[in-house]
Amino acid sequence: MSREVTMPGLLADKIILITGGGSGIGAAGARLAARDGARVIVADLMPEAAERVARECNGEAATVDVRETASVQALIDGVATRHGRIDGLFHTAMSVPLVNKNDRRVTELTETTWEAILSLVLTGTFLVCKYAGRQMLKQGGGSIVLTATADALIGQAGLDAYTAAKGGVVSMTRSMAAGLSPEGVRINTICPGFVDTPHQREFLDVPALRARIEAMQLTPIMTAEDIAEMALFFLSDRARYLTGGIHACDGGYSAFKGRLDVMEVFGRAEE
Ligand SMILES: NC(=O)c1ccc[n+]([C@@H]2O[C@H](COP(=O)([O-])OP(=O)(O)OC[C@H]3O[C@@H](n4cnc5c(N)ncnc54)[C@H](O)[C@@H]3O)[C@@H](O)[C@H]2O)c1
């Protein structure tokens, strides 16, 4: 006779806040966190997007602009008042079109774009970490997962504002972890490669571009769920000893130069 064994979910009973949860990686994180037992708060600049995803995962929707102190404070205070705590924060909020359409190499980059990207990526990260971090210190611990990019680890022509801002996120991860983790707040950052999210479809749906993107990775192109699964692990107690880490989740993108076996091309030394 088989006996059913029920395991508690990875995030059972945890209060998980996801910024940028209305789309892409954040939305996948919201659905999977709910699957794993969390109570999810889906926060986004776009109220309808947040509400749609919150409905899908039986969670709560909130509107936030991560660039604005008052907005971030209101979000954190609201969650803390309703639930008494915030166990995990998965920060993904970003405008992919802002970067894809406007970022440039330094000599062509406008000051307006530079400031817009730094404000959204770097100030946004500062604000959510500041106010969620304060709440986590108050309650005695928590886990923050930030989203940088593989482009913050290796050079990428034409993305000088994005790489500067995400490079700042990478650096902040280490110093914030050093400052907060002794009091129980863990901080880890994921660096995705190219991910199949709605805004990246403009490239992936063009066969010639898709082929070039595929050639930059050693695995098939990742989905939003692939990235989210990694984030959920860092949010969970199973990662209780992990903090201050910068984790590539990029199909090998930052590990190699190209799909080229140089020894095949230039000839192997004779035995
Ligand atoms: N998709 C990729 O290929 C890729 C690669 C590397 C890194 N990333 C990073 O992953 C994260 C998520 O990317 P995605 O592709 O899922 O993006 P996405 O565009 O699908 O979702 C981002 C969400 O953030 C929200 N948002 C934008 N500005 C906001 C603001 N000021 N305040 C609150 N919310 C705001 C948007 O409304 C959107 O719902 C980003 O930080 C991005 O830089 C993505």
# chains A, B, ... in the order shown; residues from 1 in each chain; ligands from 1
$ closest_atom_pairs --of "chain A" --to "ligand 1" --cutoff "7 Å" --atoms "only C-alpha atoms and all ligand atoms" --output "JSON lines"
{"residue": "A:Thr19", "atom": "CA", "partner": "ligand 1", "partner_atom_place_in_ligand_line": "34 (N)", "distance": 6.0}
{"residue": "A:Gly20", "atom": "CA", "partner": "ligand 1", "partner_atom_place_in_ligand_line": "24 (O)", "distance": 3.4}
{"residue": "A:Gly21", "atom": "CA", "partner": "ligand 1", "partner_atom_place_in_ligand_line": "39 (O)", "distance": 5.9}
{"residue": "A:Gly22", "atom": "CA", "partner": "ligand 1", "partner_atom_place_in_ligand_line": "39 (O)", "distance": 4.0}
{"residue": "A:Ser23", "atom": "CA", "partner": "ligand 1", "partner_atom_place_in_ligand_line": "39 (O)", "distance": 4.1}
{"residue": "A:Gly24", "atom": "CA", "partner": "ligand 1", "partner_atom_place_in_ligand_line": "16 (O)", "distance": 3.4}
{"residue": "A:Ile25", "atom": "CA", "partner": "ligand 1", "partner_atom_place_in_ligand_line": "16 (O)", "distance": 3.7}
{"residue": "A:Gly26", "atom": "CA", "partner": "ligand 1", "partner_atom_place_in_ligand_line": "16 (O)", "distance": 5.7}
{"residue": "A:Ala43", "atom": "CA", "partner": "ligand 1", "partner_atom_place_in_ligand_line": "33 (C)", "distance": 6.8}
{"residue": "A:Asp44", "atom": "CA", "partner": "ligand 1", "partner_atom_place_in_ligand_line": "34 (N)", "distance": 4.1}
{"residue": "A:Leu45", "atom": "CA", "partner": "ligand 1", "partner_atom_place_in_ligand_line": "34 (N)", "distance": 4.1}
{"residue": "A:Met46", "atom": "CA", "partner": "ligand 1", "partner_atom_place_in_ligand_line": "37 (O)", "distance": 5.1}
{"residue": "A:Ala49", "atom": "CA", "partner": "ligand 1", "partner_atom_place_in_ligand_line": "39 (O)", "distance": 6.6}
{"residue": "A:Val64", "atom": "CA", "partner": "ligand 1", "partner_atom_place_in_ligand_line": "33 (C)", "distance": 5.2}
{"residue": "A:Asp65", "atom": "CA", "partner": "ligand 1", "partner_atom_place_in_ligand_line": "32 (N)", "distance": 3.6}
{"residue": "A:Val66", "atom": "CA", "partner": "ligand 1", "partner_atom_place_in_ligand_line": "32 (N)", "distance": 4.1}
{"residue": "A:Arg67", "atom": "CA", "partner": "ligand 1", "partner_atom_place_in_ligand_line": "31 (N)", "distance": 5.4}
{"residue": "A:Thr92", "atom": "CA", "partner": "ligand 1", "partner_atom_place_in_ligand_line": "11 (C)", "distance": 4.3}
{"residue": "A:Ala93", "atom": "CA", "partner": "ligand 1", "partner_atom_place_in_ligand_line": "24 (O)", "distance": 3.6}
{"residue": "A:Met94", "atom": "CA", "partner": "ligand 1", "partner_atom_place_in_ligand_line": "27 (C)", "distance": 4.2}
{"residue": "A:Ser95", "atom": "CA", "partner": "ligand 1", "partner_atom_place_in_ligand_line": "27 (C)", "distance": 4.3}
{"residue": "A:Val96", "atom": "CA", "partner": "ligand 1", "partner_atom_place_in_ligand_line": "19 (O)", "distance": 5.0}
{"residue": "A:Leu120", "atom": "CA", "partner": "ligand 1", "partner_atom_place_in_ligand_line": "31 (N)", "distance": 5.8}
{"residue": "A:Thr147", "atom": "CA", "partner": "ligand 1", "partner_atom_place_in_ligand_line": "41 (O)", "distance": 5.0}
{"residue": "A:Ala148", "atom": "CA", "partner": "ligand 1", "partner_atom_place_in_ligand_line": "7 (C)", "distance": 5.6}
{"residue": "A:Thr149", "atom": "CA", "partner": "ligand 1", "partner_atom_place_in_ligand_line": "7 (C)", "distance": 4.2}
{"residue": "A:Ala150", "atom": "CA", "partner": "ligand 1", "partner_atom_place_in_ligand_line": "6 (C)", "distance": 6.4}
{"residue": "A:Cys191", "atom": "CA", "partner": "ligand 1", "partner_atom_place_in_ligand_line": "7 (C)", "distance": 6.3}
{"residue": "A:Pro192", "atom": "CA", "partner": "ligand 1", "partner_atom_place_in_ligand_line": "6 (C)", "distance": 4.4}
{"residue": "A:Gly193", "atom": "CA", "partner": "ligand 1", "partner_atom_place_in_ligand_line": "5 (C)", "distance": 5.1}
{"residue": "A:Phe194", "atom": "CA", "partner": "ligand 1", "partner_atom_place_in_ligand_line": "3 (O)", "distance": 3.9}
{"residue": "A:Val195", "atom": "CA", "partner": "ligand 1", "partner_atom_place_in_ligand_line": "3 (O)", "distance": 3.7}
{"residue": "A:Asp196", "atom": "CA", "partner": "ligand 1", "partner_atom_place_in_ligand_line": "1 (N)", "distance": 6.1}
{"residue": "A:Thr197", "atom": "CA", "partner": "ligand 1", "partner_atom_place_in_ligand_line": "15 (O)", "distance": 5.0}
{"residue": "A:Pro198", "atom": "CA", "partner": "ligand 1", "partner_atom_place_in_ligand_line": "20 (O)", "distance": 5.6}
{"residue": "A:His199", "atom": "CA", "partner": "ligand 1", "partner_atom_place_in_ligand_line": "19 (O)", "distance": 6.0}
{"residue": "A:Gln200", "atom": "CA", "partner": "ligand 1", "partner_atom_place_in_ligand_line": "1 (N)", "distance": 6.1}
{"residue": "A:Ala224", "atom": "CA", "partner": "ligand 1", "partner_atom_place_in_ligand_line": "16 (O)", "distance": 6.6}
$ select_by_dssp --residues "range 87-224 of chain A" --states "helix (DSSP H, G or I)" --output "PDB file with C-alpha atoms, in the first residue's frame"
ATOM      1  CA  VAL A  96      13.379  46.666 -20.985  1.00  0.00           C
ATOM      2  CA  PRO A  97      12.160  48.965 -23.827  1.00  0.00           C
ATOM      3  CA  LEU A  98      13.945  51.943 -22.210  1.00  0.00           C
ATOM      4  CA  VAL A  99      17.227  50.065 -22.520  1.00  0.00           C
ATOM      5  CA  ASN A 100      16.601  48.279 -25.818  1.00  0.00           C
ATOM      6  CA  LYS A 101      15.530  51.457 -27.583  1.00  0.00           C
ATOM      7  CA  ASN A 102      17.683  54.156 -25.981  1.00  0.00           C
ATOM      8  CA  VAL A 106      29.131  56.188 -24.289  1.00  0.00           C
ATOM      9  CA  THR A 107      29.881  58.601 -27.131  1.00  0.00           C
ATOM     10  CA  GLU A 108      26.299  58.513 -28.442  1.00  0.00           C
ATOM     11  CA  GLU A 111      22.372  62.447 -20.599  1.00  0.00           C
ATOM     12  CA  THR A 112      18.601  61.957 -20.465  1.00  0.00           C
ATOM     13  CA  THR A 113      18.901  58.213 -21.122  1.00  0.00           C
ATOM     14  CA  TRP A 114      21.834  57.873 -18.717  1.00  0.00           C
ATOM     15  CA  GLU A 115      19.820  59.499 -15.938  1.00  0.00           C
ATOM     16  CA  ALA A 116      16.635  57.550 -16.733  1.00  0.00           C
ATOM     17  CA  ILE A 117      18.413  54.179 -16.621  1.00  0.00           C
ATOM     18  CA  LEU A 118      20.434  54.995 -13.492  1.00  0.00           C
ATOM     19  CA  SER A 119      17.334  56.271 -11.745  1.00  0.00           C
ATOM     20  CA  LEU A 120      15.270  53.177 -12.566  1.00  0.00           C
ATOM     21  CA  VAL A 121      17.938  50.512 -12.049  1.00  0.00           C
ATOM     22  CA  LEU A 122      20.280  51.899  -9.420  1.00  0.00           C
ATOM     23  CA  THR A 123      18.071  54.274  -7.411  1.00  0.00           C
ATOM     24  CA  GLY A 124      15.214  51.768  -7.686  1.00  0.00           C
ATOM     25  CA  THR A 125      17.410  49.048  -6.211  1.00  0.00           C
ATOM     26  CA  PHE A 126      18.641  51.400  -3.483  1.00  0.00           C
ATOM     27  CA  LEU A 127      15.095  52.351  -2.463  1.00  0.00           C
ATOM     28  CA  VAL A 128      13.588  48.855  -2.369  1.00  0.00           C
ATOM     29  CA  CYS A 129      16.605  47.511  -0.466  1.00  0.00           C
ATOM     30  CA  LYS A 130      16.547  50.439   1.964  1.00  0.00           C
ATOM     31  CA  TYR A 131      12.897  50.130   2.961  1.00  0.00           C
ATOM     32  CA  ALA A 132      12.473  46.347   2.668  1.00  0.00           C
ATOM     33  CA  GLY A 133      15.844  45.970   4.413  1.00  0.00           C
ATOM     34  CA  ARG A 134      14.667  48.143   7.347  1.00  0.00           C
ATOM     35  CA  GLN A 135      11.573  46.002   7.741  1.00  0.00           C
ATOM     36  CA  MET A 136      13.666  42.809   7.590  1.00  0.00           C
ATOM     37  CA  LEU A 137      16.076  44.128  10.242  1.00  0.00           C
ATOM     38  CA  LYS A 138      13.102  44.966  12.425  1.00  0.00           C
ATOM     39  CA  GLN A 139      11.648  41.439  12.140  1.00  0.00           C
ATOM     40  CA  ALA A 150      25.398  38.908 -17.491  1.00  0.00           C
ATOM     41  CA  ASP A 151      26.215  42.183 -19.270  1.00  0.00           C
ATOM     42  CA  ALA A 152      27.382  43.523 -15.909  1.00  0.00           C
ATOM     43  CA  ASP A 160      26.882  51.661 -21.427  1.00  0.00           C
ATOM     44  CA  ALA A 161      24.147  53.023 -19.153  1.00  0.00           C
ATOM     45  CA  TYR A 162      22.568  49.620 -18.490  1.00  0.00           C
ATOM     46  CA  THR A 163      25.903  47.948 -17.693  1.00  0.00           C
ATOM     47  CA  ALA A 164      26.905  50.847 -15.427  1.00  0.00           C
ATOM     48  CA  ALA A 165      23.640  50.659 -13.507  1.00  0.00           C
ATOM     49  CA  LYS A 166      23.576  46.865 -13.232  1.00  0.00           C
ATOM     50  CA  GLY A 167      27.287  46.858 -12.366  1.00  0.00           C
ATOM     51  CA  GLY A 168      26.305  49.121  -9.488  1.00  0.00           C
ATOM     52  CA  VAL A 169      23.715  46.540  -8.428  1.00  0.00           C
ATOM     53  CA  VAL A 170      26.439  43.871  -8.454  1.00  0.00           C
ATOM     54  CA  SER A 171      28.721  46.010  -6.251  1.00  0.00           C
ATOM     55  CA  MET A 172      25.897  47.015  -3.914  1.00  0.00           C
ATOM     56  CA  THR A 173      25.014  43.357  -3.431  1.00  0.00           C
ATOM     57  CA  ARG A 174      28.350  42.678  -1.779  1.00  0.00           C
ATOM     58  CA  SER A 175      28.468  45.764   0.424  1.00  0.00           C
ATOM     59  CA  MET A 176      24.802  45.537   1.431  1.00  0.00           C
ATOM     60  CA  ALA A 177      25.253  41.858   2.296  1.00  0.00           C
ATOM     61  CA  ALA A 178      28.323  42.721   4.374  1.00  0.00           C
ATOM     62  CA  GLY A 179      26.320  45.342   6.216  1.00  0.00           C
ATOM     63  CA  LEU A 180      23.022  43.511   6.713  1.00  0.00           C
ATOM     64  CA  SER A 181      23.714  39.771   6.770  1.00  0.00           C
ATOM     65  CA  PRO A 182      25.220  39.750  10.291  1.00  0.00           C
ATOM     66  CA  GLU A 183      21.691  40.724  11.367  1.00  0.00           C
ATOM     67  CA  PRO A 198       7.758  39.474 -23.758  1.00  0.00           C
ATOM     68  CA  HIS A 199       9.981  42.418 -24.709  1.00  0.00           C
ATOM     69  CA  GLN A 200      12.771  40.172 -26.008  1.00  0.00           C
ATOM     70  CA  ARG A 201      10.333  38.669 -28.517  1.00  0.00           C
ATOM     71  CA  GLU A 202      11.095  41.519 -30.917  1.00  0.00           C
ATOM     72  CA  PHE A 203      14.504  39.844 -31.351  1.00  0.00           C
ATOM     73  CA  LEU A 204      13.600  36.187 -30.822  1.00  0.00           C
ATOM     74  CA  PRO A 207      14.922  33.958 -37.210  1.00  0.00           C
ATOM     75  CA  ALA A 208      18.287  35.536 -38.119  1.00  0.00           C
ATOM     76  CA  LEU A 209      18.468  37.376 -34.794  1.00  0.00           C
ATOM     77  CA  ARG A 210      17.357  34.298 -32.861  1.00  0.00           C
ATOM     78  CA  ALA A 211      20.195  32.322 -34.457  1.00  0.00           C
ATOM     79  CA  ARG A 212      22.728  34.946 -33.357  1.00  0.00           C
ATOM     80  CA  ILE A 213      21.357  34.968 -29.822  1.00  0.00           C
ATOM     81  CA  GLU A 214      21.412  31.161 -29.685  1.00  0.00           C
ATOM     82  CA  ALA A 224      11.493  33.500 -17.271  1.00  0.00           C
TER      83      ALA A 224
END
$ closest_residue --among "A:Ala27, A:Leu89, A:Leu11, A:Ala255" --to "Gln217 in chain A" --atoms "only C-alpha atoms"
A:Ala255
$ residues_around --residues "Ala61 in chain A" --least-positions-apart "3" --cutoff "8 Å" --atoms "only C-alpha atoms" --output "PyMOL selection string"
chain A and resi 41-43+47+50-51+53-54
$ write_last_selection --atoms "C-alpha atoms" --output "PDB file, in the first residue's frame"
ATOM      1  CA  ILE A  41       2.442  40.468  -3.354  1.00  0.00           C
ATOM      2  CA  VAL A  42       2.771  41.424  -7.013  1.00  0.00           C
ATOM      3  CA  ALA A  43       3.975  45.035  -7.275  1.00  0.00           C
ATOM      4  CA  PRO A  47      -1.707  48.297 -12.044  1.00  0.00           C
ATOM      5  CA  ALA A  50      -0.038  43.481 -11.325  1.00  0.00           C
ATOM      6  CA  GLU A  51      -3.722  42.641 -10.869  1.00  0.00           C
ATOM      7  CA  VAL A  53      -0.704  38.205 -12.263  1.00  0.00           C
ATOM      8  CA  ALA A  54      -2.010  38.499  -8.686  1.00  0.00           C
TER       9      ALA A  54
END
$ select_by_dssp --residues "range 188-225 of chain A" --states "strand (DSSP E or B)" --output "PyMOL selection string"
chain A and resi 188-192+195-196+222-223
$ atom_distance --atom1 "CA of Asp87 in chain A" --atom2 "CA of Gly37 in chain A"
12.7 Å
$ closest_residue --among "A:Leu153, A:Arg104, A:Arg186, A:Glu48" --to "Leu242 in chain A" --atoms "only C-alpha atoms"
A:Arg186
